[in-house]
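Enquirer: File follows, structure-v3.txt with compact mmCIF, C-alpha atoms and all ligand atoms:
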# COMPACT_ATOMS: atom_id res chain seq x y z
CA MET A 279 69.95 73.33 117.40
CA ALA A 280 71.43 70.51 115.31
CA ARG A 281 69.14 67.50 115.05
CA LYS A 282 70.95 64.21 115.72
CA PHE A 283 71.00 61.98 112.64
CA PHE A 284 68.63 59.01 112.96
CA VAL A 285 68.62 55.80 110.93
CA GLY A 286 66.00 53.12 111.43
CA GLY A 287 66.08 49.67 109.90
CA ASN A 288 62.59 48.30 109.34
CA TYR A 289 63.10 44.57 108.84
CA LYS A 290 59.36 44.05 108.22
CA MET A 291 58.54 40.30 108.14
CA ASN A 292 62.23 39.41 107.62
CA PRO A 293 64.55 37.58 107.93
CA ALA A 294 62.92 34.16 107.62
CA THR A 295 65.23 32.38 110.07
CA LYS A 296 66.84 33.02 113.43
CA SER A 297 70.23 32.21 111.96
CA ALA A 298 69.75 34.99 109.40
CA ALA A 299 68.77 37.32 112.22
CA ASP A 300 71.99 36.35 114.00
CA GLY A 301 73.83 37.37 110.83
CA LEU A 302 72.30 40.84 110.98
CA VAL A 303 73.35 41.20 114.61
CA LYS A 304 76.90 40.27 113.60
CA LEU A 305 76.79 42.96 110.89
CA LEU A 306 75.67 45.55 113.45
CA ASN A 307 78.15 44.49 116.13
CA GLU A 308 81.02 44.71 113.63
CA ALA A 309 79.84 47.96 112.03
CA GLN A 310 82.27 50.88 111.98
CA VAL A 311 79.82 53.64 112.89
CA LYS A 312 81.12 57.13 112.11
CA GLY A 313 79.65 60.39 113.35
CA ASP A 314 76.85 61.03 115.79
CA VAL A 315 73.86 58.90 114.82
CA ASP A 316 70.97 57.12 116.53
CA ILE A 317 70.57 53.69 114.96
CA VAL A 318 67.43 51.67 115.64
CA VAL A 319 66.57 48.30 114.10
CA ALA A 320 63.01 46.96 114.07
CA PRO A 321 62.97 43.16 113.71
CA PRO A 322 59.85 40.98 113.78
CA ALA A 323 58.51 40.78 117.35
CA LEU A 324 59.74 37.19 117.71
CA TYR A 325 63.35 38.38 117.39
CA LEU A 326 63.11 41.61 119.41
CA LEU A 327 64.53 40.29 122.70
CA PRO A 328 67.13 37.90 121.24
CA ILE A 329 68.46 40.66 118.97
CA ARG A 330 68.37 43.26 121.73
CA ASP A 331 70.31 40.92 124.03
CA ALA A 332 72.86 39.96 121.33
CA LEU A 333 73.71 43.56 120.37
CA LYS A 334 77.10 44.47 121.78
CA THR A 335 77.29 47.96 120.34
CA GLN A 336 76.03 51.03 122.17
CA HIS A 337 75.19 52.63 118.81
CA VAL A 338 72.14 50.45 118.12
CA GLN A 339 68.80 50.10 119.87
CA VAL A 340 65.73 48.05 118.93
CA SER A 341 62.20 49.01 117.98
CA ALA A 342 58.91 47.18 117.65
CA GLN A 343 57.23 47.48 114.24
CA ASN A 344 53.80 48.12 115.71
CA CYS A 345 51.76 47.89 118.92
CA TYR A 346 48.16 48.06 120.06
CA LEU A 347 46.62 50.75 122.28
CA LYS A 348 45.53 48.74 125.33
CA ASP A 349 47.90 47.46 128.04
CA SER A 350 46.57 43.88 128.05
CA GLY A 351 43.47 41.81 127.28
CA ALA A 352 41.66 39.79 124.65
CA PHE A 353 43.37 41.18 121.56
CA THR A 354 44.72 38.13 119.78
CA GLY A 355 47.96 38.69 117.94
CA GLU A 356 48.63 42.12 119.40
CA ILE A 357 51.50 43.46 121.52
CA SER A 358 50.90 46.26 124.00
CA PRO A 359 52.91 49.40 124.71
CA ALA A 360 53.02 48.30 128.36
CA GLN A 361 54.60 44.98 127.39
CA LEU A 362 57.19 46.73 125.19
CA ALA A 363 58.07 49.15 127.99
CA ASP A 364 58.24 46.32 130.54
CA ALA A 365 60.59 44.39 128.21
CA GLY A 366 62.83 47.43 127.83
CA ILE A 367 62.04 48.03 124.15
CA PRO A 368 62.38 51.82 123.75
CA TYR A 369 60.97 52.47 120.28
CA VAL A 370 57.92 51.53 118.22
CA ILE A 371 57.09 52.24 114.58
CA LEU A 372 53.46 53.35 114.16
CA GLY A 373 51.38 54.17 111.09
CA HIS A 374 53.59 52.44 108.55
CA SER A 375 51.90 52.53 105.14
CA GLU A 376 51.67 48.73 105.18
CA ARG A 377 49.68 48.99 108.43
CA ARG A 378 47.46 51.66 106.88
CA THR A 379 46.81 49.87 103.58
CA ILE A 380 46.99 46.13 104.36
CA PHE A 381 45.61 46.30 107.90
CA HIS A 382 43.34 49.33 107.35
CA GLU A 383 44.66 51.48 110.17
CA SER A 384 43.18 55.00 110.09
CA SER A 385 45.10 58.11 111.06
CA GLU A 386 42.84 58.45 114.11
CA PHE A 387 43.72 54.89 115.19
CA VAL A 388 47.42 55.58 114.64
CA ALA A 389 47.07 58.72 116.75
CA GLN A 390 45.38 56.78 119.58
CA LYS A 391 48.20 54.21 119.49
CA THR A 392 50.75 57.02 119.52
CA ARG A 393 49.07 58.40 122.65
CA ALA A 394 49.10 54.97 124.30
CA ALA A 395 52.76 54.38 123.44
CA LEU A 396 53.75 57.82 124.77
CA ASP A 397 51.87 57.07 127.99
CA LYS A 398 54.23 54.12 128.50
CA GLY A 399 57.33 56.19 127.76
CA LEU A 400 58.08 54.78 124.30
CA THR A 401 59.59 56.83 121.49
CA ILE A 402 57.51 56.63 118.32
CA ILE A 403 58.70 56.49 114.72
CA LEU A 404 55.54 57.93 113.18
CA CYS A 405 55.12 57.11 109.49
CA VAL A 406 53.28 59.29 106.99
CA GLY A 407 53.25 59.43 103.21
CA GLU A 408 51.13 59.70 100.08
CA THR A 409 50.31 57.27 97.27
CA LEU A 410 51.42 57.89 93.68
CA ALA A 411 47.88 58.91 92.72
CA GLU A 412 47.79 61.44 95.56
CA ARG A 413 51.17 62.88 94.56
CA GLU A 414 50.19 63.09 90.90
CA ALA A 415 47.00 64.87 91.98
CA GLY A 416 49.08 67.41 93.93
CA LYS A 417 47.70 66.19 97.25
CA THR A 418 50.98 65.24 98.99
CA THR A 419 50.92 68.07 101.50
CA ALA A 420 47.22 67.66 102.29
CA VAL A 421 47.56 63.91 102.79
CA VAL A 422 50.59 64.14 105.07
CA GLN A 423 48.95 66.90 107.11
CA SER A 424 45.76 64.82 107.44
CA GLN A 425 47.88 61.97 108.81
CA LEU A 426 49.58 64.24 111.36
CA GLU A 427 46.56 66.29 112.50
CA PRO A 428 45.01 63.59 114.75
CA VAL A 429 48.40 63.14 116.45
CA VAL A 430 48.80 66.90 117.05
CA LYS A 431 45.39 66.92 118.78
CA LEU A 432 46.47 64.24 121.29
CA LEU A 433 49.99 65.44 122.17
CA GLN A 434 51.33 68.12 124.49
CA GLU A 435 54.06 70.30 122.95
CA SER A 436 56.59 68.84 125.41
CA GLU A 437 55.93 65.28 124.15
CA TRP A 438 57.13 65.88 120.61
CA ASN A 439 60.68 65.06 121.69
CA LYS A 440 59.47 61.44 121.77
CA ILE A 441 58.38 61.53 118.12
CA VAL A 442 60.48 60.89 115.01
CA ILE A 443 58.45 61.56 111.86
CA ALA A 444 59.19 59.23 108.93
CA TYR A 445 58.06 60.58 105.57
CA GLU A 446 57.68 57.49 103.40
CA PRO A 447 56.02 58.10 100.04
CA VAL A 448 54.08 54.91 99.37
CA TRP A 449 55.17 54.96 95.72
CA ALA A 450 58.82 54.71 96.82
CA ILE A 451 58.44 51.87 99.32
CA GLY A 452 59.82 48.61 98.00
CA THR A 453 59.75 49.86 94.41
CA GLY A 454 63.34 50.91 93.83
CA LYS A 455 61.95 54.34 92.90
CA VAL A 456 63.61 56.50 95.57
CA ALA A 457 62.32 60.07 95.87
CA THR A 458 64.66 62.66 94.45
CA SER A 459 66.52 64.80 96.97
CA GLN A 460 64.39 67.72 95.83
CA GLN A 461 61.13 65.84 96.40
CA ALA A 462 62.23 64.67 99.85
CA GLN A 463 63.54 68.09 100.89
CA GLU A 464 60.39 69.82 99.62
CA THR A 465 58.01 67.61 101.59
CA HIS A 466 60.18 67.53 104.71
CA ALA A 467 60.33 71.34 104.68
CA GLU A 468 56.54 71.51 104.25
CA VAL A 469 56.05 69.16 107.21
CA ARG A 470 58.41 71.26 109.31
CA ALA A 471 56.62 74.47 108.36
CA TRP A 472 53.28 72.86 109.18
CA LEU A 473 54.62 71.73 112.59
CA ALA A 474 55.70 75.33 113.29
CA LYS A 475 52.17 76.54 112.52
CA SER A 476 50.29 73.67 114.20
CA VAL A 477 52.48 73.04 117.27
CA SER A 478 55.39 75.46 117.76
CA SER A 479 58.56 76.67 116.09
CA LYS A 480 60.58 74.86 118.78
CA VAL A 481 58.94 71.53 117.94
CA ALA A 482 59.34 72.22 114.23
CA GLN A 483 63.05 72.89 114.62
CA GLU A 484 63.75 69.99 117.01
CA THR A 485 61.64 67.17 115.54
CA ARG A 486 63.60 64.81 113.35
CA ILE A 487 61.97 64.13 109.99
CA ILE A 488 63.49 61.10 108.33
CA TYR A 489 62.95 59.77 104.81
CA GLY A 490 61.99 56.20 103.85
CA GLY A 491 61.40 54.59 100.48
CA SER A 492 64.01 52.62 98.52
CA VAL A 493 66.99 54.24 100.24
CA THR A 494 70.28 52.56 99.33
CA GLY A 495 73.96 53.04 99.97
CA ALA A 496 74.08 54.81 96.60
CA SER A 497 71.25 57.29 97.22
CA CYS A 498 71.70 58.04 100.92
CA ARG A 499 74.42 60.69 100.84
CA GLU A 500 72.66 63.17 98.53
CA LEU A 501 69.44 62.73 100.48
CA ALA A 502 71.25 63.14 103.83
CA ALA A 503 72.79 66.39 102.58
CA GLN A 504 69.34 68.01 102.41
CA PRO A 505 68.76 70.47 105.28
CA ASP A 506 65.43 68.97 106.36
CA VAL A 507 66.32 65.30 105.92
CA ASP A 508 67.41 64.10 109.36
CA GLY A 509 67.95 60.46 108.53
CA PHE A 510 66.21 57.42 107.12
CA LEU A 511 63.80 54.58 107.74
CA VAL A 512 65.26 51.81 105.64
CA GLY A 513 63.48 48.66 104.51
CA GLY A 514 65.18 46.28 102.11
CA ALA A 515 68.65 47.78 102.42
CA SER A 516 68.58 47.33 106.23
CA LEU A 517 68.95 43.61 105.64
CA LYS A 518 72.21 44.13 103.71
CA PRO A 519 75.74 45.28 104.58
CA GLU A 520 75.04 48.63 102.86
CA PHE A 521 72.88 49.49 105.88
CA VAL A 522 76.11 50.53 107.61
CA ASP A 523 76.90 52.96 104.76
CA ILE A 524 73.43 54.44 105.19
CA CYS A 525 74.03 54.86 108.94
CA ASN A 526 77.24 56.73 108.05
CA ALA A 527 75.58 58.83 105.33
CA GLN A 528 76.09 62.09 107.22
CA ALA A 529 79.56 61.31 108.57
O1 LIG A 601 59.02 50.74 104.32
C1 LIG A 601 60.11 51.27 104.43
C2 LIG A 601 61.04 51.44 103.24
O2 LIG A 601 61.21 50.20 102.62
P1 LIG A 601 62.25 50.10 101.38
O3 LIG A 601 63.55 50.75 101.86
O4 LIG A 601 62.40 48.64 101.13
O5 LIG A 601 61.62 50.87 100.25
N1 LIG A 601 60.53 51.70 105.61
O6 LIG A 601 59.71 51.59 106.71
Translate this structure into structure tokens?
Ligand SMILES: O=C(COP(=O)(O)O)NO
Expert:
Amino acid sequence: MARKFFVGGNYKMNPATKSAADGLVKLLNEAQVKGDVDIVVAPPALYLLPIRDALKTQHVQVSAQNCYLKDSGAFTGEISPAQLADAGIPYVILGHSERRTIFHESSEFVAQKTRAALDKGLTIILCVGETLAEREAGKTTAVVQSQLEPVVKLLQESEWNKIVIAYEPVWAIGTGKVATSQQAQETHAEVRAWLAKSVSSKVAQETRIIYGGSVTGASCRELAAQPDVDGFLVGGASLKPEFVDICNAQA
């Protein structure tokens, strides 16, 4: 089966003002989206509802950038999967490398949060990826598999249709050093083969594996042409007009 193209925009802790956020909504509402693509933008939590309510295009949905694993309680600063579901936010990014490195989230913790988000009906953009040292040591496959294993243990085969895997090599995030098409295709194919072995061939074939790490309007088409690259999770470029070109990369 053909996997529907998927492009996420991870705004991270941007933009700095509501008026700038309004500008991004204008860009999305005026975008000429070509082809069949799921577009999801992940603004800071403060802007989630205003942006969701200001979007006039059926092409774009919103995502949280993270969530906790409990429904409510004394967890200062956190947002719960139950609150996201109640607010009608359909997606959440989990396991982003910035959550793993800056906020010390382990793969087991990310897996528990994935379980909790699935229990509330959310779709998860599950981030994995290796550091430059791990790639140079030939550990890319082992690292990515170690990040996915705890998730595999907690999911039923039928739940994988609520997972989008984002392969984001840490050395490409925010550096301008985009992975080559060959590097992306190689790792995506390895992840897909591992899914076939660890879950099922159906899940391997149907799960979208998207690439993130310095994707731009200039690099997106060659990457999108790779058989196992099903889309992108875009950081910096999602805050610019070229985000629309990236959404149309497969059109
Ligand atoms: O972190 C990223 C990628 O960021 P950049 O596109 O800025 O490298 N996506 O979640």
Enquirer: Given all atoms listed in the file as the basis, pick out the residue of A:Val311, A:Ala363, A:Val493, A:Ile402 nearest to A:Pro447.
Expert: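 For A:Pro447, the nearest of the given residues is A:Val493.
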Enquirer: Rank nothing, just name the residue among A:Gly373, A:Gly416, A:Gly351, A:Gly513 nearest to A:Leu404, using all atoms listed in the file.
Expert: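 Nearest candidate to A:Leu404 out of A:Gly373, A:Gly416, A:Gly351, A:Gly513: A:Gly373.
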Enquirer: Mind checking which residues fall within 9 Å of A:Thr419, counting only C-alpha atoms, ignoring those fewer than 5 positions away in the same chain, and posting them as a count of residues only?
Expert: 6
Enquirer: Using all atoms listed in the file, which residues of the polymer chains come no farther than 10 Å from ligand LIG 601 (chain A)? I'd like the answer as an MDAnalysis selection string.
Expert: chainID A and resid 286:290 320 343 371:376 403:405 444:456 489:494 510:517
Enquirer: Atom CA of A:Val477 to atom CA of A:Val422: how many Å, to one decimal?
Expert: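 Here the two named atoms are 15.2 Å from each other.
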Enquirer: Could you check which of A:Leu306, A:Ala462, A:Ala471, A:Ile380 is closest to A:Ala503, using all atoms listed in the file?
Expert: A:Ala462
Enquirer: If I take atom CA of A:Ala395 and atom CA of A:His382, how far is one from the other in Å, to one decimal?
Expert: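 Separation of atom CA of A:Ala395 and atom CA of A:His382: 19.3 Å.
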Enquirer: I'd like the contact shell of A:Leu501 - 9 Å cut-off, all atoms listed in the file, skipping same-chain residues fewer than 2 positions apart - returned as an NGL selection string.
Expert: :A and (457-460 or 462-463 or 489 or 493 or 497-499 or 503-504 or 507 or 509 or 527)
Enquirer: Have a look at atom CA of A:Ala365 and atom CA of A:Ala299 and let me know their distance in Å, one decimal.
Expert: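 Going from atom CA of A:Ala365 over to atom CA of A:Ala299 covers 19.3 Å.
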Enquirer: Considering all atoms listed in the file, can you say which of A:Gln528, A:Glu464, A:Arg281, A:Leu324 comes closest to A:Gly355?
Expert: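 Between A:Gln528, A:Glu464, A:Arg281, A:Leu324, the residue approaching A:Gly355 most closely is A:Leu324.
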Enquirer: Pick out the residues sitting within 9 Å of A:Lys304, and hand them over as a short mmCIF file (atom, residue, chain, number, x, y, z; two decimals) with C-alpha atoms, keeping the file's coordinate frame; count only C-alpha atoms, and ignore anything fewer than 4 positions along from it in its own chain.
Expert:
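Below is the file around.cif, written as the result:
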data_model
loop_
_atom_site.label_atom_id
_atom_site.label_comp_id
_atom_site.auth_asym_id
_atom_site.auth_seq_id
_atom_site.Cartn_x
_atom_site.Cartn_y
_atom_site.Cartn_z
CA ALA A 299 68.77 37.32 112.22
CA ASP A 300 71.99 36.35 114.00
CA GLU A 308 81.02 44.71 113.63
CA ALA A 309 79.84 47.96 112.03
CA ALA A 332 72.86 39.96 121.33
CA LEU A 333 73.71 43.56 120.37
#
Enquirer: Which one is closest to A:Lys398: A:Thr354, A:Gln361, A:Ser476, A:Ser384? Count only C-alpha atoms.
Expert: A:Gln361
Enquirer: Given the choices A:Val442, A:Leu400, A:Ala496, A:Val285, which gets closest to A:Gly366 if the distance is worked out from all atoms listed in the file?
Expert: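 The closest residue to A:Gly366 is A:Leu400.
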Enquirer: Neighbouring residues of A:Ser341 were defined as those with any atom within 8 Å, considering only C-alpha atoms; residues of the same chain fewer than 5 positions away were excluded. Please report them as a list in words.
Expert: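 The neighbour list is Val318, Val319, Ala320, Pro321, Leu326, Ile367, Pro368, Tyr369, Val370 and Ile371 of chain A.
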Enquirer: If we count all atoms listed in the file and set the cut-off at 7 Å, which residues sit around A:Cys345, ignoring sequence neighbours fewer than 6 positions away in its own chain? Please answer as a list in words.
Expert: Glu356, Ile357, Ser358 and Pro359 of chain A
Enquirer: Could the residues in this selection be written to a file with C-alpha atoms, as a PDB file, keeping the file's coordinate frame?
Expert:
ATOM      1  CA  GLU A 356      48.630  42.120 119.400  1.00  0.00           C
ATOM      2  CA  ILE A 357      51.500  43.460 121.520  1.00  0.00           C
ATOM      3  CA  SER A 358      50.900  46.260 124.000  1.00  0.00           C
ATOM      4  CA  PRO A 359      52.910  49.400 124.710  1.00  0.00           C
TER       5      PRO A 359
END
